[in-house]
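Raw entry-v9.txt, compact mmCIF, C-alpha atoms:
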```txt
# COMPACT_ATOMS: atom_id res chain seq x y z
CA MET A 611 16.03 -20.59 5.61
CA LYS A 612 13.09 -22.48 7.12
CA THR A 613 11.51 -25.48 5.49
CA ARG A 614 7.81 -25.35 4.75
CA THR A 615 6.01 -28.05 6.78
CA THR A 616 2.54 -29.46 6.31
CA ASP A 617 1.76 -28.93 10.00
CA GLU A 618 2.71 -25.25 9.87
CA THR A 619 0.69 -24.66 6.71
CA GLU A 620 -2.32 -26.40 8.21
CA ARG A 621 -2.02 -24.33 11.39
CA VAL A 622 -2.05 -21.06 9.45
CA MET A 623 -4.91 -22.19 7.20
CA ASP A 624 -6.93 -23.28 10.22
CA ASP A 625 -6.34 -19.90 11.88
CA LEU A 626 -7.41 -18.07 8.74
CA ARG A 627 -10.52 -20.21 8.28
CA ASN A 628 -11.57 -19.59 11.88
CA LEU A 629 -10.80 -15.84 11.77
CA ARG A 630 -8.07 -16.08 14.40
CA GLU A 631 -5.13 -13.71 14.37
CA THR A 632 -2.11 -15.55 13.04
CA PHE A 633 1.46 -15.07 11.90
CA TRP A 634 3.27 -16.90 9.12
CA VAL A 635 7.04 -16.91 8.76
CA ASN A 636 8.04 -17.32 5.11
CA PRO A 637 10.29 -20.39 4.71
CA ASP A 638 11.47 -19.11 1.32
CA ALA A 639 12.59 -15.67 2.55
CA ALA A 640 16.08 -14.52 1.62
CA GLY A 641 16.19 -16.75 -1.44
CA PHE A 642 16.06 -13.74 -3.75
CA ARG A 643 18.80 -12.11 -5.79
CA LYS A 644 19.11 -8.38 -6.34
CA GLY A 645 18.67 -6.98 -9.81
CA GLU A 646 16.41 -9.70 -11.19
CA GLY A 647 14.91 -7.18 -13.60
CA ILE A 648 11.26 -7.42 -12.60
CA VAL A 649 11.10 -3.62 -12.69
CA ASP A 650 13.71 -0.86 -12.61
CA PRO A 651 13.11 1.50 -9.68
CA GLU A 652 15.74 3.94 -10.96
CA GLU A 653 14.05 4.17 -14.35
CA ALA A 654 10.74 4.85 -12.63
CA GLU A 655 12.38 7.50 -10.47
CA SER A 656 13.80 9.16 -13.59
CA LEU A 657 10.34 9.50 -15.15
CA LEU A 658 8.90 10.96 -11.94
CA ARG A 659 11.64 13.57 -11.84
CA ARG A 660 11.08 14.48 -15.50
CA PHE A 661 7.42 15.09 -14.70
CA ALA A 662 8.07 17.05 -11.49
CA PRO A 663 7.78 20.57 -13.05
CA PHE A 664 4.48 19.60 -14.70
CA LEU A 665 3.10 18.08 -11.48
CA ALA A 666 4.16 21.17 -9.53
CA GLU A 667 1.92 23.24 -11.83
CA LEU A 668 -1.02 20.83 -11.61
CA PHE A 669 -0.70 20.22 -7.87
CA PRO A 670 1.02 23.11 -6.06
CA GLU A 671 0.64 21.21 -2.78
CA THR A 672 3.49 18.94 -3.92
CA GLY A 673 5.87 21.89 -3.69
CA ASN A 674 8.56 20.63 -6.05
CA GLY A 675 6.32 18.21 -7.95
CA ILE A 676 7.72 15.13 -6.18
CA VAL A 677 5.04 12.97 -4.55
CA GLU A 678 6.61 12.00 -1.24
CA SER A 679 5.76 11.74 2.46
CA PRO A 680 7.60 12.45 5.73
CA LEU A 681 9.23 9.86 7.97
CA LEU A 682 8.32 10.71 11.57
CA GLU A 683 9.59 9.21 14.80
CA ILE A 684 6.81 8.25 17.24
CA PRO A 685 8.43 8.00 20.70
CA SER A 686 5.20 8.42 22.68
CA MET A 687 3.56 5.59 20.74
CA LYS A 688 6.65 3.47 21.38
CA ALA A 689 6.42 4.08 25.11
CA ALA A 690 2.73 3.15 25.14
CA LEU A 691 3.41 -0.04 23.18
CA GLU A 692 6.18 -0.98 25.59
CA ALA A 693 3.69 -0.55 28.43
CA GLY A 694 1.54 -3.26 26.84
CA THR A 695 -1.36 -1.00 25.92
CA ALA A 696 -3.91 -2.24 23.36
CA GLY A 697 -3.17 -5.92 23.82
CA ILE A 698 0.19 -5.87 22.08
CA PRO A 699 1.75 -9.37 21.79
CA ASN A 700 5.02 -8.20 23.27
CA ASP A 701 5.82 -10.12 26.43
CA THR A 702 9.26 -8.55 26.83
CA LYS A 703 7.61 -5.13 27.13
CA ALA A 704 10.65 -3.67 25.42
CA LEU A 705 11.06 -2.52 21.84
CA PRO A 706 14.76 -1.87 21.24
CA GLY A 707 15.70 0.84 18.82
CA ARG A 708 13.54 3.60 17.34
CA ILE A 709 10.06 3.45 15.82
CA PHE A 710 9.00 5.61 12.88
CA ILE A 711 5.88 6.00 10.81
CA LYS A 712 6.18 6.39 7.03
CA CYS A 713 3.45 8.91 6.42
CA ASP A 714 2.02 7.81 3.08
CA HIS A 715 -1.36 8.83 4.50
CA MET A 716 -0.05 12.35 3.83
CA LEU A 717 1.03 11.81 0.22
CA PRO A 718 -0.18 14.71 -1.95
CA ILE A 719 -2.74 14.26 -4.75
CA ALA A 720 -4.50 11.19 -3.32
CA GLY A 721 -3.62 10.97 0.39
CA SER A 722 -2.60 7.31 0.33
CA VAL A 723 0.16 4.91 -0.68
CA LYS A 724 -1.71 4.38 -3.96
CA ALA A 725 -0.46 7.77 -5.14
CA ARG A 726 2.98 6.20 -5.58
CA GLY A 727 1.94 3.61 -8.13
CA GLY A 728 -1.15 5.31 -9.54
CA VAL A 729 0.50 8.61 -10.35
CA TYR A 730 3.47 6.85 -11.94
CA GLU A 731 1.38 4.61 -14.20
CA VAL A 732 -0.81 7.46 -15.46
CA LEU A 733 2.21 9.70 -16.08
CA LYS A 734 3.93 6.94 -18.04
CA PHE A 735 0.80 6.41 -20.13
CA ALA A 736 0.55 10.18 -20.69
CA GLU A 737 4.14 10.39 -21.95
CA GLU A 738 3.74 7.39 -24.25
CA THR A 739 0.47 8.76 -25.63
CA ALA A 740 1.86 12.26 -26.14
CA LEU A 741 4.90 10.92 -28.00
CA ARG A 742 2.71 8.74 -30.21
CA GLU A 743 0.31 11.60 -30.96
CA GLY A 744 3.12 14.04 -31.76
CA ILE A 745 2.32 16.30 -28.77
CA LEU A 746 5.83 15.73 -27.46
CA ARG A 747 9.26 14.83 -28.78
CA ARG A 748 11.95 13.19 -26.67
CA GLY A 749 13.57 15.75 -24.43
CA ASP A 750 10.67 18.24 -24.55
CA ASP A 751 9.52 20.10 -21.48
CA LEU A 752 6.66 17.95 -20.21
CA ARG A 753 4.76 21.06 -19.17
CA LYS A 754 3.68 21.20 -22.81
CA LEU A 755 1.05 18.60 -21.82
CA GLY A 756 -0.84 21.36 -20.02
CA ALA A 757 -1.47 23.34 -23.22
CA PRO A 758 -5.14 23.45 -24.33
CA ALA A 759 -4.32 21.77 -27.65
CA SER A 760 -2.53 18.93 -25.85
CA LYS A 761 -5.39 18.39 -23.43
CA GLN A 762 -7.86 18.29 -26.29
CA ILE A 763 -5.97 15.40 -27.88
CA LEU A 764 -5.52 13.57 -24.57
CA SER A 765 -9.24 13.88 -23.81
CA ARG A 766 -9.91 11.28 -26.53
CA TYR A 767 -8.27 8.69 -24.24
CA ARG A 768 -9.72 7.10 -21.14
CA VAL A 769 -8.00 5.67 -18.07
CA ALA A 770 -9.98 3.07 -16.13
CA VAL A 771 -9.39 1.14 -12.90
CA GLY A 772 -11.19 -1.23 -10.54
CA SER A 773 -10.75 -0.17 -6.93
CA THR A 774 -12.02 -0.38 -3.37
CA GLY A 775 -11.28 3.33 -3.09
CA ASN A 776 -7.73 4.62 -2.64
CA LEU A 777 -6.29 3.45 -5.96
CA GLY A 778 -9.40 4.80 -7.62
CA LEU A 779 -8.81 8.19 -6.01
CA SER A 780 -5.21 8.23 -7.20
CA ILE A 781 -6.00 7.19 -10.77
CA GLY A 782 -9.14 9.29 -11.09
CA ILE A 783 -7.65 12.52 -9.75
CA ILE A 784 -4.37 12.45 -11.70
CA SER A 785 -6.02 11.26 -14.94
CA ALA A 786 -8.66 13.97 -14.92
CA ALA A 787 -6.08 16.66 -14.05
CA ILE A 788 -3.93 15.71 -17.05
CA GLY A 789 -6.92 15.72 -19.38
CA PHE A 790 -7.85 12.07 -19.78
CA SER A 791 -11.36 10.81 -19.24
CA ALA A 792 -11.37 8.65 -16.12
CA THR A 793 -13.60 5.76 -15.04
CA VAL A 794 -13.41 4.02 -11.67
CA HIS A 795 -15.22 0.69 -11.28
CA MET A 796 -16.14 0.18 -7.62
CA SER A 797 -18.11 -2.28 -5.53
CA SER A 798 -21.31 -0.74 -4.21
CA ASP A 799 -20.12 -1.01 -0.60
CA ALA A 800 -17.08 1.22 -1.18
CA LYS A 801 -17.03 4.38 0.92
CA GLU A 802 -19.51 7.00 -0.31
CA TRP A 803 -17.16 9.89 0.37
CA LYS A 804 -14.55 8.35 -1.94
CA LYS A 805 -17.11 8.02 -4.72
CA ARG A 806 -18.24 11.59 -4.16
CA LEU A 807 -14.67 12.94 -4.20
CA LEU A 808 -13.95 11.11 -7.44
CA ARG A 809 -17.01 12.60 -9.12
CA GLU A 810 -16.10 16.07 -7.82
CA ASN A 811 -12.71 15.68 -9.50
CA GLY A 812 -14.25 14.79 -12.86
CA ALA A 813 -14.09 10.98 -12.81
CA ASP A 814 -16.94 8.66 -13.72
CA VAL A 815 -17.79 6.13 -10.99
CA LEU A 816 -19.52 2.88 -11.93
CA GLU A 817 -20.84 0.76 -9.07
CA TYR A 818 -21.35 -2.99 -8.96
CA ALA A 819 -23.18 -5.28 -6.58
CA GLY A 820 -20.77 -7.74 -4.99
CA ASP A 821 -17.13 -7.45 -4.02
CA TYR A 822 -13.93 -5.90 -5.37
CA GLU A 823 -13.17 -8.81 -7.69
CA LYS A 824 -16.45 -8.32 -9.58
CA ALA A 825 -15.78 -4.59 -10.04
CA VAL A 826 -12.28 -5.27 -11.40
CA ALA A 827 -13.53 -7.97 -13.77
CA ALA A 828 -16.21 -5.63 -15.13
CA GLY A 829 -13.64 -2.88 -15.60
CA ARG A 830 -11.34 -5.17 -17.55
CA ARG A 831 -14.18 -6.26 -19.84
CA GLU A 832 -15.28 -2.70 -20.59
CA ALA A 833 -11.73 -1.48 -21.21
CA ALA A 834 -11.03 -4.35 -23.61
CA LYS A 835 -13.78 -3.05 -25.90
CA ASP A 836 -12.23 0.42 -26.25
CA PRO A 837 -8.90 0.82 -28.08
CA PHE A 838 -8.53 4.29 -26.55
CA CYS A 839 -8.88 3.01 -22.97
CA HIS A 840 -5.94 2.19 -20.71
CA PHE A 841 -6.90 -0.14 -17.85
CA VAL A 842 -4.85 0.12 -14.66
CA ASP A 843 -4.76 -3.43 -13.37
CA ASP A 844 -4.03 -3.44 -9.63
CA GLU A 845 -3.47 -7.20 -9.72
CA ASN A 846 -1.05 -7.44 -12.64
CA SER A 847 0.39 -4.04 -13.52
CA ALA A 848 4.18 -3.86 -13.74
CA ASP A 849 3.90 -0.06 -14.04
CA LEU A 850 2.05 0.28 -10.74
CA PHE A 851 4.63 -2.03 -9.21
CA ALA A 852 7.48 0.11 -10.57
CA GLY A 853 5.96 3.25 -9.11
CA TYR A 854 5.67 1.67 -5.68
CA SER A 855 9.25 0.37 -5.90
CA THR A 856 10.70 3.92 -5.87
CA ALA A 857 9.81 4.03 -2.16
CA GLY A 858 12.93 1.98 -1.38
CA ARG A 859 15.37 4.67 -2.49
CA ARG A 860 13.19 7.43 -1.01
CA LEU A 861 13.19 5.77 2.44
CA ALA A 862 16.93 5.09 2.23
CA ASP A 863 17.57 8.78 1.54
CA GLN A 864 15.37 9.83 4.47
CA LEU A 865 17.15 7.47 6.87
CA ALA A 866 20.55 8.66 5.65
CA GLY A 867 19.41 12.25 6.12
CA MET A 868 18.72 11.42 9.77
CA GLY A 869 22.16 9.90 10.16
CA LEU A 870 20.73 6.38 10.48
CA ARG A 871 22.55 3.43 8.97
CA VAL A 872 21.11 0.07 7.94
CA ASP A 873 23.28 -3.05 8.06
CA ARG A 874 23.32 -6.42 9.84
CA LYS A 875 23.98 -4.72 13.20
CA HIS A 876 21.41 -1.99 12.55
CA ARG A 877 18.55 -3.87 10.97
CA LEU A 878 15.52 -2.20 9.45
CA TYR A 879 12.12 -3.75 10.26
CA VAL A 880 9.19 -2.62 8.08
CA ALA A 881 5.50 -3.54 8.31
CA ILE A 882 3.03 -2.74 5.53
CA PRO A 883 -0.75 -3.27 5.31
CA ALA A 884 -1.73 -5.47 2.37
CA GLY A 885 -4.80 -5.78 0.16
CA VAL A 886 -4.15 -7.54 -3.16
CA GLY A 887 -0.44 -6.99 -2.46
CA GLY A 888 0.54 -4.63 -5.28
CA ALA A 889 1.65 -1.68 -3.15
CA PRO A 890 3.45 -3.68 -0.44
CA GLY A 891 4.94 -5.94 -3.10
CA GLY A 892 6.42 -3.00 -4.99
CA ILE A 893 7.67 -1.30 -1.83
CA LEU A 894 9.17 -4.60 -0.67
CA TYR A 895 10.95 -5.03 -4.01
CA GLY A 896 12.43 -1.53 -3.79
CA LEU A 897 13.53 -2.02 -0.18
CA LYS A 898 15.21 -5.37 -0.88
CA GLU A 899 17.03 -3.91 -3.90
CA ILE A 900 18.54 -1.28 -1.61
CA PHE A 901 19.02 -3.11 1.70
CA GLY A 902 19.00 -6.83 0.82
CA ASP A 903 18.69 -9.08 3.89
CA ASP A 904 19.32 -6.14 6.21
CA VAL A 905 15.65 -5.19 5.88
CA ILE A 906 12.97 -7.46 7.35
CA VAL A 907 9.51 -6.87 5.86
CA VAL A 908 6.14 -8.22 6.98
CA THR A 909 2.60 -7.56 5.75
CA ALA A 910 -0.60 -7.26 7.80
CA GLU A 911 -4.22 -7.93 6.80
CA PRO A 912 -7.62 -8.13 8.50
CA THR A 913 -8.73 -11.53 9.81
CA HIS A 914 -11.87 -11.20 7.68
CA ALA A 915 -9.99 -10.37 4.46
CA PRO A 916 -6.70 -12.26 4.19
CA ALA A 917 -5.31 -12.44 0.67
CA VAL A 918 -1.50 -12.20 0.58
CA ILE A 919 -0.94 -14.44 3.60
CA LEU A 920 -3.42 -16.96 2.18
CA GLY A 921 -1.82 -17.04 -1.26
CA LEU A 922 1.73 -17.33 0.05
CA ALA A 923 1.18 -19.66 3.00
CA SER A 924 -0.89 -22.07 0.91
CA GLY A 925 1.61 -21.94 -1.95
CA LYS A 926 -1.27 -21.30 -4.39
CA GLY A 927 -0.65 -17.60 -5.04
CA SER A 928 -3.57 -15.99 -6.85
CA GLY A 929 -5.13 -19.43 -7.33
CA ILE A 930 -6.90 -19.24 -3.99
CA SER A 931 -9.37 -16.75 -2.51
CA ALA A 932 -10.55 -16.09 1.03
CA GLY A 933 -14.04 -16.95 -0.19
CA ASP A 934 -12.81 -20.48 -0.89
CA LEU A 935 -12.38 -20.86 2.87
CA GLY A 936 -15.75 -19.30 3.64
CA ILE A 937 -14.19 -16.03 4.84
CA ASP A 938 -16.70 -13.20 4.47
CA GLY A 939 -14.54 -10.11 3.71
CA ASP A 940 -16.47 -8.09 6.32
CA THR A 941 -13.95 -5.61 7.72
CA ALA A 942 -13.82 -1.92 8.60
CA ALA A 943 -10.45 -1.84 6.86
CA ASP A 944 -12.12 -1.28 3.49
CA GLY A 945 -8.85 -0.54 1.72
CA LEU A 946 -7.77 -4.11 2.49
CA ALA A 947 -11.13 -5.77 1.86
CA VAL A 948 -10.04 -8.16 -0.88
CA GLY A 949 -9.89 -11.93 -0.89
CA ARG A 950 -7.58 -12.86 -3.76
CA PRO A 951 -3.95 -11.72 -3.99
CA SER A 952 -2.18 -10.34 -7.03
CA ALA A 953 -0.33 -12.94 -9.08
CA LEU A 954 2.50 -10.47 -9.70
CA ALA A 955 2.77 -9.62 -6.01
CA CYS A 956 2.84 -13.29 -4.99
CA ARG A 957 5.60 -14.07 -7.48
CA THR A 958 7.80 -11.23 -6.29
CA MET A 959 7.05 -11.67 -2.58
CA LYS A 960 7.72 -15.42 -2.61
CA THR A 961 11.43 -15.07 -1.84
CA ARG A 962 11.44 -11.54 -0.43
CA LEU A 963 8.67 -11.24 2.16
CA ASN A 964 9.81 -12.34 5.62
CA GLY A 965 6.41 -12.85 7.17
CA ALA A 966 2.71 -12.01 7.12
CA CYS A 967 0.03 -11.70 9.76
CA THR A 968 -3.65 -11.01 10.30
CA VAL A 969 -5.22 -8.62 12.81
CA ASP A 970 -8.70 -8.45 14.30
CA ASP A 971 -10.67 -5.27 13.57
CA GLU A 972 -11.00 -4.34 17.25
CA ARG A 973 -7.25 -4.54 17.86
CA LEU A 974 -6.71 -2.63 14.64
CA PHE A 975 -8.94 0.14 16.03
CA ALA A 976 -7.04 0.02 19.31
CA PHE A 977 -3.83 0.76 17.40
CA LEU A 978 -5.61 3.62 15.64
CA GLY A 979 -6.80 5.06 18.94
CA LEU A 980 -3.43 4.69 20.62
CA LEU A 981 -1.63 6.50 17.79
CA TRP A 982 -4.15 9.35 17.95
CA LYS A 983 -3.93 9.58 21.74
CA THR A 984 -0.12 9.49 21.92
CA GLU A 985 1.00 11.27 18.75
CA GLY A 986 -2.07 13.09 17.40
CA ILE A 987 -1.75 11.19 14.11
CA PHE A 988 -4.95 9.99 12.44
CA LEU A 989 -5.02 7.04 10.05
CA GLU A 990 -7.90 5.27 8.37
CA PRO A 991 -8.42 1.78 9.86
CA SER A 992 -6.61 -0.16 7.14
CA ALA A 993 -3.51 2.00 7.57
CA ALA A 994 -3.13 1.03 11.24
CA ALA A 995 -2.74 -2.67 10.43
CA GLY A 996 1.03 -2.37 10.13
CA PHE A 997 1.46 -2.11 13.89
CA ALA A 998 0.34 -5.72 14.25
CA GLY A 999 2.98 -6.95 11.83
CA LEU A 1000 5.83 -4.91 13.24
CA LEU A 1001 5.38 -5.96 16.86
CA HIS A 1002 4.60 -9.64 16.51
CA ASN A 1003 6.68 -12.02 18.62
CA ASP A 1004 7.16 -14.42 15.73
CA MET A 1005 9.61 -11.96 14.20
CA ARG A 1006 12.11 -13.51 16.64
CA GLU A 1007 12.68 -15.98 13.83
CA TYR A 1008 15.24 -13.35 12.82
CA PRO A 1009 18.14 -12.16 14.97
CA PRO A 1010 16.63 -9.90 17.66
CA PRO A 1011 17.11 -6.19 17.10
CA ASP A 1012 19.50 -4.33 19.32
CA GLY A 1013 19.26 -0.77 20.51
CA ASN A 1014 20.30 0.53 17.11
CA SER A 1015 17.51 -1.09 15.10
CA ILE A 1016 14.94 0.89 13.14
CA ARG A 1017 11.25 -0.05 12.97
CA VAL A 1018 8.97 1.52 10.37
CA VAL A 1019 5.19 1.23 10.17
CA TRP A 1020 3.94 2.12 6.69
CA ALA A 1021 0.85 4.31 7.11
CA THR A 1022 -1.08 3.85 3.88
CA GLY A 1023 -4.02 6.28 4.04
CA GLY A 1024 -6.22 8.63 6.02
CA SER A 1025 -5.56 12.31 5.37
CA MET A 1026 -8.49 12.68 2.95
CA VAL A 1027 -11.09 11.13 5.26
CA PRO A 1028 -13.92 13.69 5.84
CA GLU A 1029 -14.19 15.11 9.35
CA ALA A 1030 -17.52 13.41 10.13
CA GLU A 1031 -16.16 10.00 9.08
CA LYS A 1032 -12.96 10.67 11.01
CA GLN A 1033 -14.91 11.26 14.21
CA VAL A 1034 -16.81 7.99 13.75
CA TYR A 1035 -13.53 6.13 13.39
CA LEU A 1036 -11.97 7.87 16.39
CA SER A 1037 -14.99 7.15 18.58
CA ARG A 1038 -14.74 3.44 17.83
CA ALA A 1039 -10.94 3.53 18.16
CA LEU A 1040 -10.95 5.16 21.57
CA SER A 1041 -13.65 2.75 22.77
CA ALA A 1042 -11.59 -0.21 21.57
CA LEU A 1043 -8.55 1.21 23.34
CA ALA A 1044 -10.44 1.76 26.60
CA ALA A 1045 -11.74 -1.80 26.51
CA ARG A 1046 -8.16 -3.11 26.48
CA ASP A 1047 -6.70 -0.85 29.18
```

Write-out of the structure in structure tokens:
Amino acid sequence: MKTRTTDETERVMDDLRNLRETFWVNPDAAGFRKGEGIVDPEEAESLLRRFAPFLAELFPETGNGIVESPLLEIPSMKAALEAGTAGIPNDTKALPGRIFIKCDHMLPIAGSVKARGGVYEVLKFAEETALREGILRRGDDLRKLGAPASKQILSRYRVAVGSTGNLGLSIGIISAAIGFSATVHMSSDAKEWKKRLLRENGADVLEYAGDYEKAVAAGRREAAKDPFCHFVDDENSADLFAGYSTAGRRLADQLAGMGLRVDRKHRLYVAIPAGVGGAPGGILYGLKEIFGDDVIVVTAEPTHAPAVILGLASGKGSGISAGDLGIDGDTAADGLAVGRPSALACRTMKTRLNGACTVDDERLFAFLGLLWKTEGIFLEPSAAAGFAGLLHNDMREYPPPDGNSIRVVWATGGSMVPEAEKQVYLSRALSALAARD
């Protein structure tokens, strides 16, 4: 375990303040113990399976009612990265092992990683409400929630959330489908197509001048006035966190299904984009519960919107914001455009996260363009950030991977981006890629 030094902390803080790409290796990593009881991924998985028949009726695109995404190998992208395309910081020009993409951009219902936590929290609230109202008894078929009489009772309740977009889509779509009223509090600069899609699915969208933090604060205040309103708190929700944590077992099952083992000789390296840190924090928790120190996890954020790396590297957690350093939050990675990390995420990541990095928007777009060009996979800009974390040289702090290692980039969103917006992103991505060739 490394020791935190003042010089190292000052270097990272100086990089962040000056919008330079940086990497921080967590000196407290591997100090965790399994089964600390923060959440129970198996309990969360049990609820999701109980609800599967009901979700299959509401959202036939899920097939069996389980909200899950494929794990795809990306050999052509690997070859391009090894060739040094897109300014990859990889001076060995070799990436031992196999590289996969965890396709949470393809998750049904909301098309992003937020479907994991958002769907779980709303389903849990629905079950608790239905039991309290006498709609259900323990052991009942949860498809009873779809009956007109049940929906009439549930419609008296409201689910609210503050969001930059993807969590709002997840909460708004699932809440309205079940029968709840839904309100999404968003900053005015959030993507218009996300606001439009929410309204088309029956959610109310309230816009606020200023950034994400202001929208969340307003949502909390409004929800506190209404005893029939459940506020989904992206920064502090243990239920969201539990939903995300189920990804650990899901990924383990997918790897096992491919005949891939994870142990000290076959390490798993995972990189996840981070906003406030709730989704990556929950996924990290689930992965560490399954794989322990045999999984190495890093997060990646835009240089103009660092939150998790700032909170952890400074040691201040949610007590510090990017705005405190004069960082403007101006990034095309709108899903990551937050300045203050989640207190819950910082507490749980403190001894589990192995490292964190920032990435410049233009290099982020180069990753996006390279993935499209080599594999035909489209991601929204924020979802491409993981490539920066996975391929950073500073991960040599850990024993170097051999030919049997597994690298996974967590793709967090993109399948619901409208075609016109997609073409704008791709145009910029391919230009950024050409500029680096």

Query raised in the report: Near Gly896 (chain A), counting all atoms listed in the file, which residues have an atom at most 9 Å away, once you skip same-chain residues fewer than 5 positions from it, shown as a ChimeraX atom specification?
Result: /A:650-651,852,854-859,891,901

Output file for the residues above (C-alpha atoms, as an mmCIF file, keeping the file's coordinate frame):
```
data_model
loop_
_atom_site.group_PDB
_atom_site.id
_atom_site.type_symbol
_atom_site.label_atom_id
_atom_site.label_comp_id
_atom_site.auth_asym_id
_atom_site.auth_seq_id
_atom_site.Cartn_x
_atom_site.Cartn_y
_atom_site.Cartn_z
ATOM 1 C CA ASP A 650 13.710 -0.860 -12.610
ATOM 2 C CA PRO A 651 13.110 1.500 -9.680
ATOM 3 C CA ALA A 852 7.480 0.110 -10.570
ATOM 4 C CA TYR A 854 5.670 1.670 -5.680
ATOM 5 C CA SER A 855 9.250 0.370 -5.900
ATOM 6 C CA THR A 856 10.700 3.920 -5.870
ATOM 7 C CA ALA A 857 9.810 4.030 -2.160
ATOM 8 C CA GLY A 858 12.930 1.980 -1.380
ATOM 9 C CA ARG A 859 15.370 4.670 -2.490
ATOM 10 C CA GLY A 891 4.940 -5.940 -3.100
ATOM 11 C CA PHE A 901 19.020 -3.110 1.700
#
```

Query raised in the report: Which distance in Å separates CA of Leu946 (chain A) and CA of Arg768 (chain A), to one decimal?
Result: 26.2 Å

Query raised in the report: What does the distance between CA of Tyr767 (chain A) and CA of Pro670 (chain A) come to in Å, to one decimal place?
Result: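 Interatomic distance here is 25.0 Å.
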
Report task. Using only C-alpha atoms, determine which residues lie at most 12 Å from region 681-690 of chain A, disregarding the query and same-chain residues fewer than 4 positions distant; provide the list as number ranges by chain. Result -> A: 694-698, 700, 703-717, 857, 860-868, 976-987, 997, 1000-1001, 1016-1021, 1043, 1047

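All residues of protein, DNA or RNA that reach within 10 Å of region 734-743 of chain A, judged by all atoms listed in the file and not counting those fewer than 6 positions away in the chain, are Ala654, Leu657, Leu658, Phe661, Asp750, Leu752, Lys754, Leu755, Ser760, Lys761, Ile763, Leu764, Tyr767, Val769, Ser785, Ile788, Gly789, Phe790, His840, Asp849 and Gly853 of chain A.
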
Report task. Considering only C-alpha atoms, state which residue in the set A:Ala825, A:Ala725, A:Val677, A:Leu935 is at the smallest distance from Asp799 (chain A). Result ->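 Ranking A:Ala825, A:Ala725, A:Val677, A:Leu935 by distance to Asp799 (chain A), first place goes to A:Ala825.
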
Show me, as a CSV table (one decimal) with C-alpha atoms, in the coordinates of the input, the residues that have an atom within 7 Å of Ala953 (chain A) when counting only C-alpha atoms, minus same-chain residues fewer than 3 positions from it.
```
chain,number,residue,atom,x,y,z
A,845,GLU,CA,-3.5,-7.2,-9.7
A,846,ASN,CA,-1.0,-7.4,-12.6
A,927,GLY,CA,-0.6,-17.6,-5.0
A,928,SER,CA,-3.6,-16.0,-6.8
A,956,CYS,CA,2.8,-13.3,-5.0
A,957,ARG,CA,5.6,-14.1,-7.5
```

Report task. Go ahead and compute the interatomic distance for CA of Arg831 (chain A) and CA of Ala813 (chain A), in Å to one decimal. Result -> 18.6 Å

Contacts of region 802-810 of chain A at 12 Å or less, counting only C-alpha atoms, minus same-chain residues fewer than 5 places along, as a PDB file with C-alpha atoms, in the frame of the given file?
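Done, and the output landed in around01.pdb:
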```
ATOM      1  CA  ILE A 719      -2.740  14.260  -4.750  1.00  0.00           C
ATOM      2  CA  ALA A 720      -4.500  11.190  -3.320  1.00  0.00           C
ATOM      3  CA  GLY A 721      -3.620  10.970   0.390  1.00  0.00           C
ATOM      4  CA  SER A 773     -10.750  -0.170  -6.930  1.00  0.00           C
ATOM      5  CA  THR A 774     -12.020  -0.380  -3.370  1.00  0.00           C
ATOM      6  CA  GLY A 775     -11.280   3.330  -3.090  1.00  0.00           C
ATOM      7  CA  ASN A 776      -7.730   4.620  -2.640  1.00  0.00           C
ATOM      8  CA  LEU A 777      -6.290   3.450  -5.960  1.00  0.00           C
ATOM      9  CA  GLY A 778      -9.400   4.800  -7.620  1.00  0.00           C
ATOM     10  CA  LEU A 779      -8.810   8.190  -6.010  1.00  0.00           C
ATOM     11  CA  SER A 780      -5.210   8.230  -7.200  1.00  0.00           C
ATOM     12  CA  ILE A 781      -6.000   7.190 -10.770  1.00  0.00           C
ATOM     13  CA  GLY A 782      -9.140   9.290 -11.090  1.00  0.00           C
ATOM     14  CA  ILE A 783      -7.650  12.520  -9.750  1.00  0.00           C
ATOM     15  CA  ILE A 784      -4.370  12.450 -11.700  1.00  0.00           C
ATOM     16  CA  SER A 785      -6.020  11.260 -14.940  1.00  0.00           C
ATOM     17  CA  ALA A 786      -8.660  13.970 -14.920  1.00  0.00           C
ATOM     18  CA  ALA A 787      -6.080  16.660 -14.050  1.00  0.00           C
ATOM     19  CA  SER A 791     -11.360  10.810 -19.240  1.00  0.00           C
ATOM     20  CA  ALA A 792     -11.370   8.650 -16.120  1.00  0.00           C
ATOM     21  CA  THR A 793     -13.600   5.760 -15.040  1.00  0.00           C
ATOM     22  CA  VAL A 794     -13.410   4.020 -11.670  1.00  0.00           C
ATOM     23  CA  HIS A 795     -15.220   0.690 -11.280  1.00  0.00           C
ATOM     24  CA  MET A 796     -16.140   0.180  -7.620  1.00  0.00           C
ATOM     25  CA  SER A 797     -18.110  -2.280  -5.530  1.00  0.00           C
ATOM     26  CA  VAL A 815     -17.790   6.130 -10.990  1.00  0.00           C
ATOM     27  CA  LEU A 816     -19.520   2.880 -11.930  1.00  0.00           C
ATOM     28  CA  GLU A 817     -20.840   0.760  -9.070  1.00  0.00           C
ATOM     29  CA  ASP A 944     -12.120  -1.280   3.490  1.00  0.00           C
ATOM     30  CA  GLY A 945      -8.850  -0.540   1.720  1.00  0.00           C
ATOM     31  CA  GLY A1024      -6.220   8.630   6.020  1.00  0.00           C
ATOM     32  CA  MET A1026      -8.490  12.680   2.950  1.00  0.00           C
ATOM     33  CA  VAL A1027     -11.090  11.130   5.260  1.00  0.00           C
ATOM     34  CA  PRO A1028     -13.920  13.690   5.840  1.00  0.00           C
ATOM     35  CA  GLU A1029     -14.190  15.110   9.350  1.00  0.00           C
ATOM     36  CA  ALA A1030     -17.520  13.410  10.130  1.00  0.00           C
ATOM     37  CA  GLU A1031     -16.160  10.000   9.080  1.00  0.00           C
ATOM     38  CA  LYS A1032     -12.960  10.670  11.010  1.00  0.00           C
TER      39      LYS A1032
END
```
